[in-house]
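Written out below as structure tokens is the structure these notes cover.
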Amino acid sequence: MHIYTIGYEGLSQKVFLAWLNRYDINLIADVRHLPLSRKKGFSKNSLNELLAKNNIEYLSFRELGTSKDMRSKLLSSGDYTNFFKKYKDNLSKRTEQINELCEILNSGKRIALLCFEHDAQKCHRKILADEIKKIDGNGLEVKHIKPF
């Protein structure tokens, strides 16, 4: 079993959908604190519509996103180590949402955690996916979809 992650940075809706289809993703778990985007078609409501038309379920997990304060500190410091540490600490308060994702995974859904950043190594979704893997404990594999 796998959990996938994807960032839509630099992707059109068409290419984004092609990658989801390639990996047979049937549920997007949006882990942006603010599920809004300046990129047309990737804000919560329009993304939900697009995915529904393509038989992909959409769920927002805002609580699993990063706060504006955390993002601002990362932007000013460039310190990913501290950013990821603080994010991981915050996840300890989000067990309900993480357990919900584990239950969905165990029901057989193919989930992709969604955020903007194309490089999973620079995104909180990597830490979240690793935490889900640890909690799941059933040999779950994390696959970061890398369109480019």
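Every chain in the structure tokens takes a letter, A first, then B, and so on in the order presented; its residues are numbered from 1, and the ligands are numbered from 1 following the presented order.
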Would you list, as JSON, numbers by chain, the residues of range 28-145 of chain A that end up in strand (DSSP E) under DSSP run on this structure's backbone?
{"A": [28, 29, 30, 57, 58, 59, 60, 111, 112, 113, 114, 115, 141, 142, 143, 144]}
Could you name the residues that touch Asp24 in chain A at 12 Å or less, counting only C-alpha atoms, but leaving out those on the same chain fewer than 5 positions away, as a list in words?
His2, Ile3, Tyr4, Leu17, Ala18, Trp19, Asn54, Asn55, Ile56, Gly108, Lys109, Arg110, Ile111, Ala112 and Ile145 of chain A
Pick out the residues sitting within 10 Å of Lys39 in chain A, and hand them over as a PyMOL selection string; count only C-alpha atoms, and ignore anything fewer than 3 positions along from it in its own chain.
chain A and resi 8-13+36+42-43+116
Range 125-138 of chain A environment, 10 Å, only C-alpha atoms, sequence neighbours closer than 6 positions dropped, as a short mmCIF file (atom, residue, chain, number, x, y, z; two decimals) with N, CA and C atoms, in the first residue's frame:
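Output below, filename out-v3.cif:
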```cif
data_model
loop_
_atom_site.label_atom_id
_atom_site.label_comp_id
_atom_site.auth_asym_id
_atom_site.auth_seq_id
_atom_site.Cartn_x
_atom_site.Cartn_y
_atom_site.Cartn_z
N MET A 1 0.84 -1.18 0.00
CA MET A 1 0.00 0.00 0.00
C MET A 1 0.89 1.25 0.00
N HIS A 2 0.42 2.30 -0.68
CA HIS A 2 1.17 3.54 -0.81
C HIS A 2 0.33 4.73 -0.35
N ILE A 3 1.03 5.76 0.08
CA ILE A 3 0.44 7.09 0.18
C ILE A 3 1.29 7.97 -0.73
N TYR A 4 0.62 8.78 -1.52
CA TYR A 4 1.28 9.62 -2.50
C TYR A 4 1.23 11.07 -2.06
N THR A 5 2.15 11.86 -2.59
CA THR A 5 2.10 13.30 -2.40
C THR A 5 2.32 13.95 -3.75
N ILE A 6 1.76 15.14 -3.92
CA ILE A 6 1.95 15.88 -5.16
C ILE A 6 1.84 17.38 -4.87
N GLY A 7 2.66 18.15 -5.56
CA GLY A 7 2.58 19.60 -5.54
C GLY A 7 2.18 20.07 -6.93
N ASP A 30 -6.16 17.64 0.54
CA ASP A 30 -5.56 18.96 0.45
C ASP A 30 -5.05 19.35 1.83
N VAL A 31 -3.74 19.47 1.97
CA VAL A 31 -3.16 19.77 3.28
C VAL A 31 -2.59 21.19 3.36
N ARG A 32 -3.21 22.09 2.58
CA ARG A 32 -2.85 23.51 2.66
C ARG A 32 -3.67 24.15 3.78
N LEU A 64 -3.93 20.28 8.96
CA LEU A 64 -2.63 19.66 8.72
C LEU A 64 -1.70 20.54 7.90
N GLY A 65 -2.14 21.77 7.63
CA GLY A 65 -1.31 22.72 6.90
C GLY A 65 -0.36 23.44 7.83
N THR A 66 0.37 24.38 7.26
CA THR A 66 1.32 25.17 8.06
C THR A 66 0.76 26.58 8.22
N PHE A 84 10.61 22.08 9.71
CA PHE A 84 10.09 20.71 9.78
C PHE A 84 9.95 20.24 11.23
N LYS A 85 10.87 20.66 12.10
CA LYS A 85 10.77 20.28 13.51
C LYS A 85 9.50 20.87 14.13
N TYR A 87 6.82 21.86 12.56
CA TYR A 87 5.65 21.23 11.96
C TYR A 87 5.39 19.86 12.59
N LYS A 88 6.44 19.09 12.76
CA LYS A 88 6.28 17.76 13.37
C LYS A 88 5.73 17.88 14.79
N LEU A 91 2.09 18.41 14.66
CA LEU A 91 1.33 17.22 14.27
C LEU A 91 0.87 16.42 15.48
N SER A 92 1.59 16.52 16.58
CA SER A 92 1.18 15.78 17.79
C SER A 92 -0.20 16.24 18.29
N THR A 95 -3.79 14.36 15.90
CA THR A 95 -3.94 12.91 15.76
C THR A 95 -5.30 12.53 15.16
N ILE A 98 -4.93 12.82 11.37
CA ILE A 98 -4.00 11.80 10.87
C ILE A 98 -4.66 10.42 10.92
N ASN A 99 -5.35 10.14 12.01
CA ASN A 99 -6.06 8.86 12.11
C ASN A 99 -7.14 8.74 11.04
N LEU A 101 -7.01 10.03 8.04
CA LEU A 101 -6.30 9.70 6.81
C LEU A 101 -5.89 8.23 6.79
N CYS A 102 -5.43 7.71 7.92
CA CYS A 102 -5.07 6.29 8.02
C CYS A 102 -6.28 5.39 7.75
N GLU A 103 -7.43 5.76 8.31
CA GLU A 103 -8.65 4.98 8.07
C GLU A 103 -9.03 4.98 6.60
N LEU A 105 -7.03 5.42 4.06
CA LEU A 105 -6.04 4.58 3.37
C LEU A 105 -6.37 3.10 3.54
N ASN A 106 -6.69 2.72 4.75
CA ASN A 106 -6.98 1.31 5.04
C ASN A 106 -8.29 0.84 4.41
N ALA A 112 -3.54 11.01 -2.42
CA ALA A 112 -2.39 11.88 -2.64
C ALA A 112 -2.56 13.11 -1.76
N LEU A 113 -1.55 13.40 -0.96
CA LEU A 113 -1.52 14.62 -0.17
C LEU A 113 -1.12 15.75 -1.10
N LEU A 114 -1.90 16.82 -1.10
CA LEU A 114 -1.70 17.94 -2.02
C LEU A 114 -1.24 19.19 -1.32
N CYS A 115 -0.24 19.84 -1.92
CA CYS A 115 0.19 21.18 -1.53
C CYS A 115 0.71 21.86 -2.79
N PHE A 116 1.19 23.08 -2.67
CA PHE A 116 1.67 23.83 -3.82
C PHE A 116 3.08 23.41 -4.24
N GLU A 117 4.01 23.38 -3.31
CA GLU A 117 5.44 23.17 -3.58
C GLU A 117 5.69 21.91 -4.40
N ASP A 119 8.58 20.41 -4.98
CA ASP A 119 9.62 19.58 -4.38
C ASP A 119 9.19 19.11 -2.99
N HIS A 144 6.40 10.15 -3.67
CA HIS A 144 6.25 11.54 -4.04
C HIS A 144 6.15 11.62 -5.56
#
```
